[in-house]
Amino acid sequence: MDTLNIVYLVGAVLIFASIMASTLSARLGVPLLLLFLVVGMLAGEEGILGIEFSQYAIANFVGQAALACILLDGGLRTSFKSFRVGLKPAITLATWGVLATVMILGVFVTWLLDVDWRFGLLLAAIVGSTDAAAVFSLLRNGGVKLNDRVQATLELESGANDPLAILLVTGLIALNVDPAGQTALGFLGLLLQQLSFGLGMGLFFGYFLSRLLPKIHLAEGMYAILILSAGLAVFAATNLLGGSGFLAVFIAGILIGNHKVRSTEHVMRVMDSFAWLSQAVLFVVLGLLVTPSNVLEVWPYSVAIAAFMILVARPIAVYTSVLPFKFKNKEIGFISWVGLRGAVPITLAMLPVIAGVDNAFMLFDIAFGVVVLSLVLQGTTIPFMSNLFKVRIPNNKDPKEEHEVWVSDRASITLYEFEVKSGAFAIGRHPRDISTRISPEEIRVFALVRGQQILAINEDTKLKFGDSVWYAMSGNHAGQIADVFNDTTLDRRAIDDFYGDWLLSPNVKLGDVPFFSDKMKFESLDDGLNTKNEGSSKNMWEQTVAQYVKASLKMAPVSGDTVVINEEWLLVIKDVDDNGRLRAIGLKQQEPKQQ
């Protein structure tokens, strides 16, 4: 009994310490997942507690269950809107991108370690795919707002590339153990089986569960437990049938999360805690499993492999994958950089150890080092690189808090909290005046909080700096309200620098914009400028701004996209609705080029 209590105590303390360490993550600029790993390593056999843990089978069991939970939660929070701009490139990255990375990196690893090509490809396959836990955590909670095309592509890729990575590792393990028993045709058949069964099971059970939720009535906390247990069942059943359980649980999560009903909100709230717990447990266990001195022995190899992967293999794979989809070079560059590695490579590195592959422990230690380097180099530099590649967009639209309140099984009202910032337009105004100007039918003042106390609203109430106002909305007006509350002089200047000083309606004709003179239009006809647009420059001025932008982009538009009109002016997309319709477009004057 004492042994059992010691296990409970140590496990609880480690998780507690990991969560407390997370408060340092934002201050230090260190990825939270790396802190979880450090906590596990400090508790390990060469750490403070000296816990000896070398049970790879148990760690693999924990890893598989935790990754299934993380992918389920990631799917629940993936909107169908992401499919509009990121599905095709993500699928290409999850298939050809993984294969290209493994082939290029495999050649380098084989040369670097002077090993058999099968072993080199195995190591490359282990670290060849991006990690959903790392990508979801750092992109969604990192405080950086990316343009939707880049974010959707990265998130969908990380959720969809596990099947191929697992299959490659499994096949290459068999190739290392029993080379004569493997054929290319058998490998291809296994790949098709994994993908088709995974996709089919995910679609079937995702649809079934999304339709089941509205028909049952449970205690609020039970809905998430129901979906988590069902998700793990789908994961296990798909694996037993020979399909990809990771793909199935991710697809099921997407279908459930996009079928909004009262119970979905309960699921999302509790599943967030399950996902964080899974990440904490997973990375602490992985930290316990590793022996730091062994990792340091092969550290030069980890550095060389990580550098080649980040700077050569990943960029080539990304460029050849997304170029047909008209991605801009700066977007390709950022997607190449954010090829985050995390729990998946370490979990896959356990499989050769369990299978008894020669030098499997060295392979595990190298893979662990590559993951640490990826989290440190790539994870900590996301804000800097997003600015360098210009894929970061101003984040002035988000309310401070958001809560969905379901008033029936299929109808909801969302409560948004907005804080009055210094220099905001809202200062000195009545909170009802703001809602009335925007949409009096769909916006109601719910509460005004001043000094941590609810303040009664009367006719003389005026907003002050630091006030928090809660609005109940049934329409999509949060961005407009945020402009009123967050519109400080500093924020306004940053937004104007990004989107331009003038805002255009998508329906106005380009030729009717007063900034474009007749001389400019005549010169464009004469010079043949702006021929990027389908159709001649002769009719560009008769097109609406939306028509011109869409024809010039030749891809699904997202906020932050730019379209050049001439050397002096360009258009910057500011707002796009969930159906891809342009709602607001900025007109920006370009700085004159220096001679």
# chains A, B, ... in the order shown; residues from 1 in each chain; ligands from 1

$ select_by_dssp --residues "stretch 193-267 of chain A" --states "helix (DSSP H, G or I)" --output "number ranges by chain"
A: 193-215, 220-240, 245-257, 262-267

$ residues_around --residues "A:Arg444" --least-positions-apart "2" --cutoff "9 Å" --atoms "only C-alpha atoms" --output "PyMOL selection string"
chain A and resi 432+435-436+440-442+446+470-473

$ closest_atom_pairs --of "stretch 73-118 of chain A" --to "stretch 236-260 of chain A" --cutoff "7 Å" --atoms "only C-alpha atoms" --output "CSV"
residue,atom,partner,partner_atom,distance
A:Asp73,CA,A:Gly253,CA,6.7
A:Gly75,CA,A:Gly253,CA,4.2
A:Leu76,CA,A:Gly257,CA,4.1
A:Arg77,CA,A:Gly257,CA,6.2
A:Thr78,CA,A:Ile254,CA,5.9
A:Ser79,CA,A:Asn258,CA,6.2
A:Phe80,CA,A:Asn258,CA,6.9

$ write_last_selection --atoms "all heavy atoms" --output "short mmCIF file (atom, residue, chain, number, x, y, z; two decimals), in the first residue's frame"
data_model
loop_
_atom_site.label_atom_id
_atom_site.label_comp_id
_atom_site.auth_asym_id
_atom_site.auth_seq_id
_atom_site.Cartn_x
_atom_site.Cartn_y
_atom_site.Cartn_z
N ASP A 73 -9.03 16.43 -29.20
CA ASP A 73 -9.27 17.82 -28.81
C ASP A 73 -8.90 18.77 -29.95
O ASP A 73 -9.61 19.75 -30.21
CB ASP A 73 -8.45 18.16 -27.57
CG ASP A 73 -8.68 19.58 -27.08
OD1 ASP A 73 -9.78 19.88 -26.60
OD2 ASP A 73 -7.76 20.41 -27.22
N GLY A 75 -9.04 18.12 -33.14
CA GLY A 75 -10.10 18.02 -34.13
C GLY A 75 -11.35 18.79 -33.72
O GLY A 75 -11.98 19.46 -34.54
N LEU A 76 -11.71 18.71 -32.44
CA LEU A 76 -12.89 19.43 -31.94
C LEU A 76 -12.78 20.93 -32.17
O LEU A 76 -13.78 21.62 -32.38
CB LEU A 76 -13.07 19.16 -30.44
CG LEU A 76 -13.54 17.76 -30.03
CD1 LEU A 76 -13.41 17.57 -28.52
CD2 LEU A 76 -14.98 17.53 -30.47
N ARG A 77 -11.56 21.46 -32.16
CA ARG A 77 -11.35 22.90 -32.28
C ARG A 77 -10.94 23.32 -33.69
O ARG A 77 -10.57 24.47 -33.91
CB ARG A 77 -10.29 23.35 -31.26
CG ARG A 77 -10.73 23.07 -29.85
CD ARG A 77 -9.66 23.36 -28.80
NE ARG A 77 -10.03 22.67 -27.57
CZ ARG A 77 -10.97 23.11 -26.73
NH1 ARG A 77 -11.60 24.24 -26.98
NH2 ARG A 77 -11.26 22.42 -25.64
N THR A 78 -10.99 22.39 -34.62
CA THR A 78 -10.66 22.70 -36.02
C THR A 78 -11.95 23.01 -36.79
O THR A 78 -12.79 22.14 -36.97
CB THR A 78 -9.93 21.52 -36.68
OG1 THR A 78 -8.72 21.26 -35.97
CG2 THR A 78 -9.60 21.85 -38.14
N SER A 79 -12.08 24.24 -37.22
CA SER A 79 -13.28 24.66 -37.93
C SER A 79 -13.23 24.22 -39.39
O SER A 79 -12.16 24.11 -39.98
CB SER A 79 -13.42 26.18 -37.85
OG SER A 79 -14.43 26.65 -38.71
N PHE A 80 -14.42 23.97 -39.95
CA PHE A 80 -14.50 23.67 -41.38
C PHE A 80 -13.92 24.82 -42.21
O PHE A 80 -13.53 24.63 -43.36
CB PHE A 80 -15.95 23.42 -41.80
CG PHE A 80 -16.45 22.04 -41.44
CD1 PHE A 80 -17.78 21.83 -41.11
CD2 PHE A 80 -15.60 20.95 -41.44
CE1 PHE A 80 -18.24 20.56 -40.80
CE2 PHE A 80 -16.05 19.68 -41.12
CZ PHE A 80 -17.38 19.48 -40.80
#

$ atom_distance --atom1 "atom CA of A:Leu373" --atom2 "atom CA of A:Ile305"
10.1 Å

$ closest_residue --among "A:Thr101, A:Cys69, A:Gln151, A:Asn176" --to "A:Ile227" --atoms "only C-alpha atoms"
A:Cys69

$ residues_around --residues "stretch 293-303 of chain A" --least-positions-apart "3" --cutoff "8 Å" --atoms "only C-alpha atoms" --output "ChimeraX atom specification"
/A:112-113,290,306-307,362,365-370,373

$ select_by_dssp --residues "stretch 334-533 of chain A" --states "strand (DSSP E)" --output "VMD selection string"
chain A and resid 401 to 406 412 to 419 443 to 450 453 to 454 468 to 473 502 to 504

$ closest_residue --among "A:Ala65, A:Val353, A:Leu188, A:Val284" --to "A:Gly231" --atoms "only C-alpha atoms"
A:Ala65

$ atom_distance --atom1 "atom CA of A:Phe308" --atom2 "atom CA of A:Glu46"
29.7 Å

$ residues_around --residues "A:Ile126" --least-positions-apart "4" --cutoff "8 Å" --atoms "only C-alpha atoms" --output "PDB file with N, CA, C and O atoms, in the first residue's frame"
ATOM      1  N   LEU A 122      15.060   4.765 -41.166  1.00  0.00           N
ATOM      2  CA  LEU A 122      14.242   4.571 -39.968  1.00  0.00           C
ATOM      3  C   LEU A 122      14.339   5.783 -39.050  1.00  0.00           C
ATOM      4  O   LEU A 122      13.318   6.287 -38.560  1.00  0.00           O
ATOM      5  N   ALA A 165       3.608   8.651 -41.094  1.00  0.00           N
ATOM      6  CA  ALA A 165       4.828   8.540 -40.291  1.00  0.00           C
ATOM      7  C   ALA A 165       4.866   7.220 -39.540  1.00  0.00           C
ATOM      8  O   ALA A 165       5.905   6.533 -39.508  1.00  0.00           O
ATOM      9  N   VAL A 169       7.553   4.147 -40.127  1.00  0.00           N
ATOM     10  CA  VAL A 169       8.370   3.612 -39.038  1.00  0.00           C
ATOM     11  C   VAL A 169       8.128   2.118 -38.882  1.00  0.00           C
ATOM     12  O   VAL A 169       9.079   1.322 -38.749  1.00  0.00           O
ATOM     13  N   PRO A 345       7.632  11.985 -32.451  1.00  0.00           N
ATOM     14  CA  PRO A 345       8.928  11.347 -32.736  1.00  0.00           C
ATOM     15  C   PRO A 345       9.472  10.524 -31.569  1.00  0.00           C
ATOM     16  O   PRO A 345      10.024   9.440 -31.781  1.00  0.00           O
ATOM     17  N   ILE A 346       9.306  11.057 -30.340  1.00  0.00           N
ATOM     18  CA  ILE A 346       9.822  10.291 -29.193  1.00  0.00           C
ATOM     19  C   ILE A 346       9.017   9.008 -29.008  1.00  0.00           C
ATOM     20  O   ILE A 346       9.571   7.939 -28.712  1.00  0.00           O
ATOM     21  N   LEU A 348       7.418   7.370 -31.365  1.00  0.00           N
ATOM     22  CA  LEU A 348       7.800   6.457 -32.445  1.00  0.00           C
ATOM     23  C   LEU A 348       9.171   5.846 -32.199  1.00  0.00           C
ATOM     24  O   LEU A 348       9.436   4.707 -32.604  1.00  0.00           O
ATOM     25  N   ALA A 349      10.059   6.600 -31.535  1.00  0.00           N
ATOM     26  CA  ALA A 349      11.406   6.094 -31.267  1.00  0.00           C
ATOM     27  C   ALA A 349      11.399   4.951 -30.263  1.00  0.00           C
ATOM     28  O   ALA A 349      12.396   4.214 -30.146  1.00  0.00           O
ATOM     29  N   ALA A 367      16.814  10.912 -31.446  1.00  0.00           N
ATOM     30  CA  ALA A 367      15.485  11.479 -31.695  1.00  0.00           C
ATOM     31  C   ALA A 367      15.071  12.419 -30.571  1.00  0.00           C
ATOM     32  O   ALA A 367      14.492  13.486 -30.814  1.00  0.00           O
TER      33      ALA A 367
END

$ atom_distance --atom1 "atom CA of A:Thr381" --atom2 "atom CA of A:Phe334"
10.9 Å

$ closest_residue --among "A:Ser137, A:Gln193, A:Thr291, A:Asn566" --to "A:Gly74" --atoms "only C-alpha atoms"
A:Ser137

$ residues_around --residues "stretch 504-514 of chain A" --least-positions-apart "6" --cutoff "12 Å" --atoms "only C-alpha atoms" --output "number ranges by chain"
A: 520-522, 524, 537-550, 565, 569-576, 581-588

$ residues_around --residues "A:Leu138" --least-positions-apart "4" --cutoff "10 Å" --atoms "only C-alpha atoms" --output "PyMOL selection string"
chain A and resi 31-33+132-134+142-144+338+340+375+379-380+382
